[in-house]
>>> print(open('run25.pdb').read())   # PDB, C-alpha atoms, pLDDT in the B column
ATOM      1  CA  MET A   1     -75.311 -21.722  35.363  1.00 57.00           C
ATOM      2  CA  PHE A   2     -74.944 -20.825  31.675  1.00 54.00           C
ATOM      3  CA  LYS A   3     -77.243 -23.714  30.760  1.00 61.00           C
ATOM      4  CA  LYS A   4     -79.974 -22.384  33.096  1.00 62.00           C
ATOM      5  CA  VAL A   5     -79.745 -18.878  31.618  1.00 58.00           C
ATOM      6  CA  VAL A   6     -80.051 -20.306  28.084  1.00 55.00           C
ATOM      7  CA  ILE A   7     -83.091 -22.401  29.116  1.00 62.00           C
ATOM      8  CA  TYR A   8     -84.601 -19.302  30.746  1.00 62.00           C
ATOM      9  CA  ILE A   9     -84.215 -17.231  27.560  1.00 59.00           C
ATOM     10  CA  VAL A  10     -85.445 -20.034  25.267  1.00 57.00           C
ATOM     11  CA  CYS A  11     -88.600 -20.517  27.374  1.00 61.00           C
ATOM     12  CA  HIS A  12     -89.370 -16.809  27.139  1.00 56.00           C
ATOM     13  CA  LEU A  13     -88.812 -16.768  23.365  1.00 54.00           C
ATOM     14  CA  ILE A  14     -91.118 -19.776  22.887  1.00 57.00           C
ATOM     15  CA  PHE A  15     -93.804 -18.083  24.981  1.00 58.00           C
ATOM     16  CA  VAL A  16     -93.527 -14.862  22.964  1.00 51.00           C
ATOM     17  CA  SER A  17     -93.492 -16.762  19.659  1.00 50.00           C
ATOM     18  CA  LEU A  18     -96.719 -18.534  20.544  1.00 50.00           C
ATOM     19  CA  SER A  19     -98.385 -15.240  21.403  1.00 50.00           C
ATOM     20  CA  ILE A  20     -97.218 -13.607  18.165  1.00 45.00           C
ATOM     21  CA  ALA A  21     -98.916 -16.385  16.179  1.00 43.00           C
ATOM     22  CA  SER A  22    -102.342 -15.349  17.489  1.00 46.00           C
ATOM     23  CA  HIS A  23    -101.693 -11.582  17.404  1.00 46.00           C
ATOM     24  CA  HIS A  24    -103.592  -8.845  15.602  1.00 45.00           C
ATOM     25  CA  ASP A  25    -102.383  -5.241  15.656  1.00 43.00           C
ATOM     26  CA  ASP A  26    -104.527  -2.627  17.441  1.00 42.00           C
ATOM     27  CA  THR A  27    -101.939   0.169  17.519  1.00 44.00           C
ATOM     28  CA  SER A  28    -103.688   2.382  14.981  1.00 43.00           C
ATOM     29  CA  HIS A  29    -106.825   2.607  17.151  1.00 43.00           C
ATOM     30  CA  HIS A  30    -105.361   2.912  20.640  1.00 52.00           C
ATOM     31  CA  GLY A  31    -101.872   4.432  20.319  1.00 61.00           C
ATOM     32  CA  HIS A  32    -100.200   1.416  21.931  1.00 70.00           C
ATOM     33  CA  HIS A  33     -99.229  -2.119  21.042  1.00 84.00           C
ATOM     34  CA  THR A  34    -101.397  -5.059  22.067  1.00 93.00           C
ATOM     35  CA  GLN A  35     -98.329  -6.997  23.238  1.00 95.00           C
ATOM     36  CA  HIS A  36     -95.002  -5.918  24.638  1.00 95.00           C
ATOM     37  CA  VAL A  37     -91.812  -7.803  25.562  1.00 97.00           C
ATOM     38  CA  ALA A  38     -88.838  -6.337  27.398  1.00 98.00           C
ATOM     39  CA  LEU A  39     -85.436  -7.296  28.793  1.00 98.00           C
ATOM     40  CA  PHE A  40     -84.435  -5.779  32.141  1.00 98.00           C
ATOM     41  CA  ALA A  41     -81.011  -5.044  33.658  1.00 98.00           C
ATOM     42  CA  GLY A  42     -80.484  -3.447  37.038  1.00 98.00           C
ATOM     43  CA  LEU A  43     -79.719  -3.927  40.737  1.00 97.00           C
ATOM     44  CA  THR A  44     -81.666  -5.514  43.568  1.00 97.00           C
ATOM     45  CA  PHE A  45     -81.158  -3.955  46.998  1.00 96.00           C
ATOM     46  CA  ASN A  46     -82.268  -6.082  49.943  1.00 93.00           C
ATOM     47  CA  LEU A  47     -83.538  -3.837  52.726  1.00 94.00           C
ATOM     48  CA  HIS A  48     -83.023  -6.608  55.320  1.00 90.00           C
ATOM     49  CA  THR A  49     -79.403  -7.556  54.555  1.00 89.00           C
ATOM     50  CA  GLU A  50     -78.428  -4.264  52.841  1.00 91.00           C
ATOM     51  CA  GLU A  51     -76.844  -6.184  49.946  1.00 92.00           C
ATOM     52  CA  ASN A  52     -76.827  -5.110  46.291  1.00 95.00           C
ATOM     53  CA  SER A  53     -77.038  -7.758  43.584  1.00 96.00           C
ATOM     54  CA  PRO A  54     -77.006  -7.515  39.771  1.00 98.00           C
ATOM     55  CA  THR A  55     -80.340  -8.510  38.272  1.00 98.00           C
ATOM     56  CA  ILE A  56     -81.534  -9.396  34.770  1.00 98.00           C
ATOM     57  CA  GLY A  57     -85.050 -10.187  33.721  1.00 97.00           C
ATOM     58  CA  ALA A  58     -87.676 -10.351  31.037  1.00 98.00           C
ATOM     59  CA  ASP A  59     -91.368  -9.623  30.870  1.00 97.00           C
ATOM     60  CA  TRP A  60     -94.269 -10.046  28.499  1.00 97.00           C
ATOM     61  CA  GLU A  61     -97.570  -8.175  28.563  1.00 97.00           C
ATOM     62  CA  TYR A  62    -100.833  -8.556  26.662  1.00 97.00           C
ATOM     63  CA  ARG A  63    -103.218  -5.597  26.880  1.00 95.00           C
ATOM     64  CA  LEU A  64    -106.794  -6.713  27.425  1.00 95.00           C
ATOM     65  CA  PRO A  65    -109.671  -5.157  25.456  1.00 93.00           C
ATOM     66  CA  ILE A  66    -111.246  -3.790  28.652  1.00 90.00           C
ATOM     67  CA  LEU A  67    -111.154  -0.321  30.216  1.00 91.00           C
ATOM     68  CA  ASP A  68    -109.901   1.132  26.928  1.00 90.00           C
ATOM     69  CA  HIS A  69    -106.888  -1.249  26.924  1.00 92.00           C
ATOM     70  CA  LYS A  70    -105.545   0.199  30.191  1.00 95.00           C
ATOM     71  CA  VAL A  71    -105.246  -3.259  31.809  1.00 96.00           C
ATOM     72  CA  GLY A  72    -102.799  -5.956  30.785  1.00 97.00           C
ATOM     73  CA  VAL A  73    -101.776  -9.413  31.932  1.00 98.00           C
ATOM     74  CA  GLY A  74     -98.433 -11.076  31.478  1.00 98.00           C
ATOM     75  CA  LEU A  75     -95.439 -12.814  32.931  1.00 98.00           C
ATOM     76  CA  ILE A  76     -92.307 -11.511  34.647  1.00 97.00           C
ATOM     77  CA  THR A  77     -89.076 -13.393  35.300  1.00 97.00           C
ATOM     78  CA  ASP A  78     -85.900 -12.234  37.024  1.00 97.00           C
ATOM     79  CA  LEU A  79     -82.505 -13.692  37.854  1.00 97.00           C
ATOM     80  CA  VAL A  80     -80.818 -12.113  40.885  1.00 95.00           C
ATOM     81  CA  PHE A  81     -77.088 -12.865  41.109  1.00 95.00           C
ATOM     82  CA  ALA A  82     -76.558 -12.771  44.883  1.00 90.00           C
ATOM     83  CA  GLU A  83     -74.579 -15.183  47.082  1.00 86.00           C
ATOM     84  CA  ALA A  84     -77.163 -17.659  45.866  1.00 87.00           C
ATOM     85  CA  THR A  85     -78.724 -17.172  42.429  1.00 91.00           C
ATOM     86  CA  GLU A  86     -82.411 -16.409  42.747  1.00 91.00           C
ATOM     87  CA  PHE A  87     -85.004 -17.022  40.045  1.00 95.00           C
ATOM     88  CA  ILE A  88     -88.349 -15.196  40.219  1.00 96.00           C
ATOM     89  CA  VAL A  89     -91.330 -16.116  38.055  1.00 96.00           C
ATOM     90  CA  ALA A  90     -94.719 -14.454  38.431  1.00 97.00           C
ATOM     91  CA  PRO A  91     -97.893 -13.800  36.478  1.00 98.00           C
ATOM     92  CA  ALA A  92     -98.531 -10.064  36.455  1.00 98.00           C
ATOM     93  CA  VAL A  93    -101.389  -7.599  36.143  1.00 98.00           C
ATOM     94  CA  PHE A  94    -100.462  -4.233  34.616  1.00 98.00           C
ATOM     95  CA  PHE A  95    -102.429  -0.977  34.837  1.00 98.00           C
ATOM     96  CA  HIS A  96    -101.735   1.952  32.481  1.00 96.00           C
ATOM     97  CA  PRO A  97    -103.537   5.058  33.874  1.00 96.00           C
ATOM     98  CA  PHE A  98    -102.150   7.477  31.265  1.00 91.00           C
ATOM     99  CA  ALA A  99     -99.323   8.009  28.757  1.00 88.00           C
ATOM    100  CA  GLY A 100     -96.383   5.660  29.448  1.00 92.00           C
ATOM    101  CA  LEU A 101     -96.968   5.279  33.194  1.00 97.00           C
ATOM    102  CA  LYS A 102     -97.695   1.749  34.373  1.00 97.00           C
ATOM    103  CA  PHE A 103     -98.171  -0.051  37.662  1.00 98.00           C
ATOM    104  CA  LEU A 104     -97.924  -3.777  38.209  1.00 98.00           C
ATOM    105  CA  VAL A 105     -98.869  -6.361  40.796  1.00 98.00           C
ATOM    106  CA  ALA A 106     -97.329  -9.821  40.482  1.00 98.00           C
ATOM    107  CA  PRO A 107     -97.806 -12.671  42.960  1.00 97.00           C
ATOM    108  CA  GLY A 108     -95.233 -15.336  42.197  1.00 96.00           C
ATOM    109  CA  LEU A 109     -92.591 -17.843  43.196  1.00 95.00           C
ATOM    110  CA  VAL A 110     -88.903 -17.556  44.091  1.00 94.00           C
ATOM    111  CA  PHE A 111     -86.340 -20.321  43.646  1.00 92.00           C
ATOM    112  CA  ILE A 112     -82.752 -20.224  44.842  1.00 87.00           C
ATOM    113  CA  GLU A 113     -79.551 -22.031  43.837  1.00 86.00           C
ATOM    114  CA  ASP A 114     -77.173 -22.189  46.797  1.00 77.00           C
ATOM    115  CA  HIS A 115     -73.545 -21.780  45.614  1.00 67.00           C
ATOM    116  CA  GLU A 116     -72.031 -22.581  49.031  1.00 63.00           C
ATOM    117  CA  GLU A 117     -73.795 -25.924  49.011  1.00 54.00           C
ATOM    118  CA  ASP A 118     -72.499 -26.504  45.468  1.00 49.00           C
ATOM    119  CA  ALA A 119     -68.891 -25.944  46.536  1.00 53.00           C
ATOM    120  CA  HIS A 120     -69.195 -28.556  49.284  1.00 52.00           C
ATOM    121  CA  ASN A 121     -71.321 -31.154  47.485  1.00 55.00           C
ATOM    122  CA  GLU A 122     -70.336 -30.593  43.843  1.00 49.00           C
ATOM    123  CA  VAL A 123     -74.066 -30.739  43.012  1.00 46.00           C
ATOM    124  CA  ASN A 124     -76.453 -28.023  41.894  1.00 48.00           C
ATOM    125  CA  HIS A 125     -79.560 -27.847  44.077  1.00 47.00           C
ATOM    126  CA  MET A 126     -82.496 -25.695  43.073  1.00 48.00           C
ATOM    127  CA  HIS A 127     -85.057 -25.185  45.831  1.00 45.00           C
ATOM    128  CA  SER A 128     -87.560 -22.621  46.930  1.00 48.00           C
ATOM    129  CA  ALA A 129     -86.369 -19.964  49.329  1.00 44.00           C
ATOM    130  CA  PRO A 130     -86.828 -16.309  50.182  1.00 41.00           C
ATOM    131  CA  LEU A 131     -85.043 -13.786  47.960  1.00 40.00           C
ATOM    132  CA  LEU A 132     -81.872 -12.493  49.640  1.00 41.00           C
ATOM    133  CA  ALA A 133     -83.468 -13.003  53.047  1.00 42.00           C
ATOM    134  CA  GLU A 134     -82.070 -14.806  56.036  1.00 44.00           C
ATOM    135  CA  VAL A 135     -84.517 -17.398  57.288  1.00 43.00           C
ATOM    136  CA  GLU A 136     -85.071 -17.418  61.021  1.00 43.00           C
ATOM    137  CA  ASP A 137     -85.387 -20.823  62.733  1.00 45.00           C
ATOM    138  CA  ASP A 138     -89.003 -20.261  63.747  1.00 42.00           C
ATOM    139  CA  HIS A 139     -90.215 -19.501  60.196  1.00 44.00           C
ATOM    140  CA  ASN A 140     -90.964 -21.881  57.362  1.00 47.00           C
ATOM    141  CA  GLU A 141     -89.303 -21.185  54.037  1.00 62.00           C
ATOM    142  CA  SER A 142     -91.850 -20.107  51.469  1.00 67.00           C
ATOM    143  CA  PRO A 143     -91.351 -19.694  47.741  1.00 86.00           C
ATOM    144  CA  LEU A 144     -94.184 -17.146  47.577  1.00 93.00           C
ATOM    145  CA  MET A 145     -93.567 -13.482  46.809  1.00 96.00           C
ATOM    146  CA  VAL A 146     -95.461 -10.362  45.770  1.00 97.00           C
ATOM    147  CA  ARG A 147     -94.061  -7.676  43.489  1.00 98.00           C
ATOM    148  CA  LEU A 148     -95.384  -4.131  43.303  1.00 98.00           C
ATOM    149  CA  GLY A 149     -93.911  -2.053  40.510  1.00 98.00           C
ATOM    150  CA  ILE A 150     -93.967   1.295  38.786  1.00 98.00           C
ATOM    151  CA  ALA A 151     -92.443   2.093  35.404  1.00 98.00           C
ATOM    152  CA  TYR A 152     -92.650   4.613  32.595  1.00 97.00           C
ATOM    153  CA  ASP A 153     -92.491   3.423  28.969  1.00 95.00           C
ATOM    154  CA  ILE A 154     -90.751   5.864  26.635  1.00 95.00           C
ATOM    155  CA  HIS A 155     -91.792   4.706  23.175  1.00 92.00           C
ATOM    156  CA  LEU A 156     -89.522   5.120  20.170  1.00 93.00           C
ATOM    157  CA  GLY A 157     -91.682   3.646  17.420  1.00 92.00           C
ATOM    158  CA  LYS A 158     -92.138  -0.032  18.278  1.00 93.00           C
ATOM    159  CA  ALA A 159     -89.180   0.050  20.677  1.00 96.00           C
ATOM    160  CA  SER A 160     -89.298   1.294  24.248  1.00 96.00           C
ATOM    161  CA  ILE A 161     -86.912   2.349  27.003  1.00 97.00           C
ATOM    162  CA  THR A 162     -88.401   1.989  30.472  1.00 97.00           C
ATOM    163  CA  PRO A 163     -87.036   3.073  33.852  1.00 98.00           C
ATOM    164  CA  VAL A 164     -88.376   0.530  36.370  1.00 98.00           C
ATOM    165  CA  LEU A 165     -88.691   0.376  40.168  1.00 98.00           C
ATOM    166  CA  ASN A 166     -90.069  -2.772  41.829  1.00 98.00           C
ATOM    167  CA  ALA A 167     -90.640  -3.629  45.484  1.00 98.00           C
ATOM    168  CA  ASP A 168     -90.639  -7.340  46.303  1.00 97.00           C
ATOM    169  CA  LEU A 169     -92.060  -8.767  49.517  1.00 95.00           C
ATOM    170  CA  ILE A 170     -90.593 -12.188  50.167  1.00 88.00           C
ATOM    171  CA  HIS A 171     -90.737 -13.985  53.491  1.00 84.00           C
ATOM    172  CA  GLU A 172     -91.547 -10.799  55.423  1.00 88.00           C
ATOM    173  CA  HIS A 173     -88.559  -8.936  53.904  1.00 91.00           C
ATOM    174  CA  TRP A 174     -88.576  -6.174  51.296  1.00 95.00           C
ATOM    175  CA  SER A 175     -86.205  -5.806  48.365  1.00 96.00           C
ATOM    176  CA  LEU A 176     -86.076  -2.995  45.808  1.00 97.00           C
ATOM    177  CA  ALA A 177     -85.119  -3.706  42.202  1.00 97.00           C
ATOM    178  CA  GLY A 178     -84.373  -0.776  39.940  1.00 97.00           C
ATOM    179  CA  GLY A 179     -83.009  -0.528  36.457  1.00 98.00           C
ATOM    180  CA  LEU A 180     -83.754  -0.090  32.793  1.00 98.00           C
ATOM    181  CA  ALA A 181     -85.853  -2.256  30.475  1.00 98.00           C
ATOM    182  CA  LEU A 182     -85.510  -2.297  26.704  1.00 98.00           C
ATOM    183  CA  GLY A 183     -88.670  -3.456  25.008  1.00 97.00           C
ATOM    184  CA  PHE A 184     -90.482  -4.053  21.765  1.00 96.00           C
ATOM    185  CA  GLY A 185     -94.200  -3.696  21.047  1.00 93.00           C
ATOM    186  CA  PHE A 186     -96.129  -5.688  18.481  1.00 92.00           C
TER     187      PHE A 186
END
>>> encode(input="run25.pdb", output="structure tokens")
Amino acid sequence: MFKKVVIYIVCHLIFVSLSIASHHDDTSHHGHHTQHVALFAGLTFNLHTEENSPTIGADWEYRLPILDHKVGVGLITDLVFAEATEFIVAPAVFFHPFAGLKFLVAPGLVFIEDHEEDAHNEVNHMHSAPLLAEVEDDHNESPLMVRLGIAYDIHLGKASITPVLNADLIHEHWSLAGGLALGFGF
């Protein structure tokens, strides 16, 4: 598991490093940073199973030069430490109507590592599955998900503290993820 978390973090750092290489700073003209990265820590509450699970994540956003830089695109990733570890990855669209308020929509994929299977087979299996949801026999498992989110960036220079609330729809079941993100704009 530690190896997967390290790979997850390294992939995010490489992605951010590549975007920094092509960056130019627009903060003096628009009062915000063109790019923003953040690390998230919080809890995911599954409304179907009523389980709480610790969650960590990371996101990256690039503000587009349209609509006065109120629209951004990026990537979100989360690890949910439930009975089975769930990995979420999704491209995201962000909308900043005013001040630090932002909304996001992120269609993505969910992958799950089943720990019970590991105990019996001594093998790690990563496969797609619904986040924290019990799959009924008459439904097909689907790795697809949609995230709707709301957050408020509190900027402290280039740093930010952001309370976050996300609603994930995965395999006809809703989960809420709430917590705090610490970010950095550049």
>>> closest_residue(input="run25.pdb", among="A:Ser160, A:Ile88, A:Asp78, A:Pro97", to="Leu144 of chain A", atoms="all atoms listed in the file")
A:Ile88
>>> residues_around(input="run25.pdb", residues="Ala167 of chain A", least_positions_apart="6", cutoff="8 Å", atoms="all atoms listed in the file", output="count of residues only")
7
>>> residues_near_point(input="run25.pdb", point="(-94.3, -15.9, 34.7)", cutoff="12 Å", atoms="only C-alpha atoms", output="NGL selection string")
:A and (8 or 11-12 or 15-16 or 57-61 or 73-78 or 87-93 or 106-110)
>>> resolve_selection(input="run25.pdb", expression="the PyMOL selection byres ((chain A and resi 155) around 10)", output="list in words")
His32, Ala99, Gly100, Tyr152, Asp153, Ile154, Leu156, Gly157, Lys158, Ala159, Ser160, Ile161, Thr162, Gly183, Phe184 and Gly185 of chain A
>>> atom_distance(input="run25.pdb", atom1="atom CA of Glu83 of chain A", atom2="atom CA of Asp114 of chain A")
7.5 Å
>>> atom_distance(input="run25.pdb", atom1="atom CA of Leu39 of chain A", atom2="atom CA of Gly72 of chain A")
17.5 Å
>>> decode(input="run25.pdb", residues="segment 137-177 of chain A", atoms="N, CA and C atoms", output="PDB file, in the first residue's frame")
ATOM      1  N   ASP A 137     -26.716  -7.922  -7.428  1.00  0.00           N
ATOM      2  CA  ASP A 137     -26.465  -8.930  -8.446  1.00  0.00           C
ATOM      3  C   ASP A 137     -26.955  -8.532  -9.820  1.00  0.00           C
ATOM      4  N   ASP A 138     -27.986  -7.723  -9.921  1.00  0.00           N
ATOM      5  CA  ASP A 138     -28.546  -7.383 -11.220  1.00  0.00           C
ATOM      6  C   ASP A 138     -27.909  -6.138 -11.844  1.00  0.00           C
ATOM      7  N   HIS A 139     -26.866  -5.595 -11.227  1.00  0.00           N
ATOM      8  CA  HIS A 139     -26.176  -4.431 -11.788  1.00  0.00           C
ATOM      9  C   HIS A 139     -24.763  -4.814 -12.201  1.00  0.00           C
ATOM     10  N   ASN A 140     -24.283  -4.148 -13.245  1.00  0.00           N
ATOM     11  CA  ASN A 140     -22.892  -4.321 -13.648  1.00  0.00           C
ATOM     12  C   ASN A 140     -22.036  -3.334 -12.876  1.00  0.00           C
ATOM     13  N   GLU A 141     -20.848  -3.785 -12.474  1.00  0.00           N
ATOM     14  CA  GLU A 141     -19.920  -2.860 -11.825  1.00  0.00           C
ATOM     15  C   GLU A 141     -19.463  -1.851 -12.865  1.00  0.00           C
ATOM     16  N   SER A 142     -19.334  -0.617 -12.459  1.00  0.00           N
ATOM     17  CA  SER A 142     -18.888   0.426 -13.367  1.00  0.00           C
ATOM     18  C   SER A 142     -17.861   1.278 -12.645  1.00  0.00           C
ATOM     19  N   PRO A 143     -16.757   1.580 -13.303  1.00  0.00           N
ATOM     20  CA  PRO A 143     -15.755   2.430 -12.670  1.00  0.00           C
ATOM     21  C   PRO A 143     -16.081   3.916 -12.805  1.00  0.00           C
ATOM     22  N   LEU A 144     -17.188   4.253 -13.455  1.00  0.00           N
ATOM     23  CA  LEU A 144     -17.508   5.655 -13.705  1.00  0.00           C
ATOM     24  C   LEU A 144     -18.107   6.324 -12.471  1.00  0.00           C
ATOM     25  N   MET A 145     -17.788   7.611 -12.323  1.00  0.00           N
ATOM     26  CA  MET A 145     -18.324   8.402 -11.219  1.00  0.00           C
ATOM     27  C   MET A 145     -18.452   9.844 -11.675  1.00  0.00           C
ATOM     28  N   VAL A 146     -19.228  10.621 -10.918  1.00  0.00           N
ATOM     29  CA  VAL A 146     -19.334  12.059 -11.142  1.00  0.00           C
ATOM     30  C   VAL A 146     -19.214  12.736  -9.788  1.00  0.00           C
ATOM     31  N   ARG A 147     -18.379  13.744  -9.724  1.00  0.00           N
ATOM     32  CA  ARG A 147     -18.212  14.529  -8.493  1.00  0.00           C
ATOM     33  C   ARG A 147     -18.744  15.930  -8.721  1.00  0.00           C
ATOM     34  N   LEU A 148     -19.535  16.403  -7.767  1.00  0.00           N
ATOM     35  CA  LEU A 148     -19.989  17.784  -7.720  1.00  0.00           C
ATOM     36  C   LEU A 148     -19.415  18.362  -6.432  1.00  0.00           C
ATOM     37  N   GLY A 149     -18.788  19.513  -6.514  1.00  0.00           N
ATOM     38  CA  GLY A 149     -18.139  20.049  -5.324  1.00  0.00           C
ATOM     39  C   GLY A 149     -18.322  21.540  -5.155  1.00  0.00           C
ATOM     40  N   ILE A 150     -18.170  21.959  -3.915  1.00  0.00           N
ATOM     41  CA  ILE A 150     -18.176  23.377  -3.561  1.00  0.00           C
ATOM     42  C   ILE A 150     -17.050  23.589  -2.556  1.00  0.00           C
ATOM     43  N   ALA A 151     -16.353  24.707  -2.694  1.00  0.00           N
ATOM     44  CA  ALA A 151     -15.237  25.005  -1.798  1.00  0.00           C
ATOM     45  C   ALA A 151     -15.064  26.519  -1.715  1.00  0.00           C
ATOM     46  N   TYR A 152     -14.311  26.952  -0.725  1.00  0.00           N
ATOM     47  CA  TYR A 152     -14.019  28.371  -0.589  1.00  0.00           C
ATOM     48  C   TYR A 152     -12.540  28.535  -0.264  1.00  0.00           C
ATOM     49  N   ASP A 153     -11.775  29.097  -1.220  1.00  0.00           N
ATOM     50  CA  ASP A 153     -10.348  29.328  -1.035  1.00  0.00           C
ATOM     51  C   ASP A 153     -10.129  30.563  -0.162  1.00  0.00           C
ATOM     52  N   ILE A 154      -9.404  30.383   0.930  1.00  0.00           N
ATOM     53  CA  ILE A 154      -8.981  31.492   1.772  1.00  0.00           C
ATOM     54  C   ILE A 154      -7.499  31.673   1.496  1.00  0.00           C
ATOM     55  N   HIS A 155      -7.162  32.728   0.763  1.00  0.00           N
ATOM     56  CA  HIS A 155      -5.786  32.940   0.325  1.00  0.00           C
ATOM     57  C   HIS A 155      -4.969  33.669   1.383  1.00  0.00           C
ATOM     58  N   LEU A 156      -3.783  33.151   1.607  1.00  0.00           N
ATOM     59  CA  LEU A 156      -2.799  33.750   2.510  1.00  0.00           C
ATOM     60  C   LEU A 156      -1.521  33.916   1.698  1.00  0.00           C
ATOM     61  N   GLY A 157      -1.465  34.981   0.890  1.00  0.00           N
ATOM     62  CA  GLY A 157      -0.368  35.119  -0.063  1.00  0.00           C
ATOM     63  C   GLY A 157      -0.539  34.080  -1.164  1.00  0.00           C
ATOM     64  N   LYS A 158       0.512  33.301  -1.411  1.00  0.00           N
ATOM     65  CA  LYS A 158       0.421  32.240  -2.422  1.00  0.00           C
ATOM     66  C   LYS A 158      -0.200  30.962  -1.858  1.00  0.00           C
ATOM     67  N   ALA A 159      -0.293  30.875  -0.547  1.00  0.00           N
ATOM     68  CA  ALA A 159      -0.876  29.686   0.090  1.00  0.00           C
ATOM     69  C   ALA A 159      -2.392  29.847   0.213  1.00  0.00           C
ATOM     70  N   SER A 160      -3.063  28.726   0.398  1.00  0.00           N
ATOM     71  CA  SER A 160      -4.514  28.778   0.600  1.00  0.00           C
ATOM     72  C   SER A 160      -4.950  27.680   1.566  1.00  0.00           C
ATOM     73  N   ILE A 161      -6.012  27.981   2.298  1.00  0.00           N
ATOM     74  CA  ILE A 161      -6.702  27.002   3.141  1.00  0.00           C
ATOM     75  C   ILE A 161      -8.125  26.959   2.605  1.00  0.00           C
ATOM     76  N   THR A 162      -8.610  25.747   2.316  1.00  0.00           N
ATOM     77  CA  THR A 162      -9.901  25.627   1.639  1.00  0.00           C
ATOM     78  C   THR A 162     -10.791  24.585   2.295  1.00  0.00           C
ATOM     79  N   PRO A 163     -11.904  25.002   2.918  1.00  0.00           N
ATOM     80  CA  PRO A 163     -12.908  24.019   3.321  1.00  0.00           C
ATOM     81  C   PRO A 163     -13.582  23.485   2.047  1.00  0.00           C
ATOM     82  N   VAL A 164     -13.786  22.165   2.003  1.00  0.00           N
ATOM     83  CA  VAL A 164     -14.281  21.501   0.795  1.00  0.00           C
ATOM     84  C   VAL A 164     -15.437  20.569   1.148  1.00  0.00           C
ATOM     85  N   LEU A 165     -16.460  20.541   0.290  1.00  0.00           N
ATOM     86  CA  LEU A 165     -17.539  19.561   0.391  1.00  0.00           C
ATOM     87  C   LEU A 165     -17.825  19.033  -1.011  1.00  0.00           C
ATOM     88  N   ASN A 166     -17.676  17.719  -1.191  1.00  0.00           N
ATOM     89  CA  ASN A 166     -17.920  17.072  -2.477  1.00  0.00           C
ATOM     90  C   ASN A 166     -19.011  16.034  -2.335  1.00  0.00           C
ATOM     91  N   ALA A 167     -19.807  15.885  -3.385  1.00  0.00           N
ATOM     92  CA  ALA A 167     -20.811  14.820  -3.470  1.00  0.00           C
ATOM     93  C   ALA A 167     -20.440  13.954  -4.659  1.00  0.00           C
ATOM     94  N   ASP A 168     -20.235  12.668  -4.412  1.00  0.00           N
ATOM     95  CA  ASP A 168     -19.854  11.727  -5.460  1.00  0.00           C
ATOM     96  C   ASP A 168     -21.012  10.789  -5.754  1.00  0.00           C
ATOM     97  N   LEU A 169     -21.339  10.649  -7.029  1.00  0.00           N
ATOM     98  CA  LEU A 169     -22.340   9.687  -7.470  1.00  0.00           C
ATOM     99  C   LEU A 169     -21.609   8.555  -8.167  1.00  0.00           C
ATOM    100  N   ILE A 170     -21.668   7.378  -7.540  1.00  0.00           N
ATOM    101  CA  ILE A 170     -20.976   6.213  -8.063  1.00  0.00           C
ATOM    102  C   ILE A 170     -21.912   5.024  -7.980  1.00  0.00           C
ATOM    103  N   HIS A 171     -22.186   4.440  -9.102  1.00  0.00           N
ATOM    104  CA  HIS A 171     -23.052   3.260  -9.191  1.00  0.00           C
ATOM    105  C   HIS A 171     -24.375   3.475  -8.447  1.00  0.00           C
ATOM    106  N   GLU A 172     -25.033   4.583  -8.753  1.00  0.00           N
ATOM    107  CA  GLU A 172     -26.340   4.920  -8.206  1.00  0.00           C
ATOM    108  C   GLU A 172     -26.340   5.165  -6.691  1.00  0.00           C
ATOM    109  N   HIS A 173     -25.172   5.388  -6.100  1.00  0.00           N
ATOM    110  CA  HIS A 173     -25.078   5.668  -4.663  1.00  0.00           C
ATOM    111  C   HIS A 173     -24.297   6.968  -4.460  1.00  0.00           C
ATOM    112  N   TRP A 174     -24.731   7.745  -3.477  1.00  0.00           N
ATOM    113  CA  TRP A 174     -24.089   9.016  -3.166  1.00  0.00           C
ATOM    114  C   TRP A 174     -23.167   8.884  -1.957  1.00  0.00           C
ATOM    115  N   SER A 175     -22.042   9.559  -2.040  1.00  0.00           N
ATOM    116  CA  SER A 175     -21.117   9.710  -0.921  1.00  0.00           C
ATOM    117  C   SER A 175     -20.794  11.186  -0.777  1.00  0.00           C
ATOM    118  N   LEU A 176     -20.575  11.632   0.456  1.00  0.00           N
ATOM    119  CA  LEU A 176     -20.155  12.999   0.724  1.00  0.00           C
ATOM    120  C   LEU A 176     -18.740  12.968   1.275  1.00  0.00           C
ATOM    121  N   ALA A 177     -17.878  13.807   0.716  1.00  0.00           N
ATOM    122  CA  ALA A 177     -16.501  13.921   1.207  1.00  0.00           C
ATOM    123  C   ALA A 177     -16.292  15.363   1.649  1.00  0.00           C
TER     124      ALA A 177
END
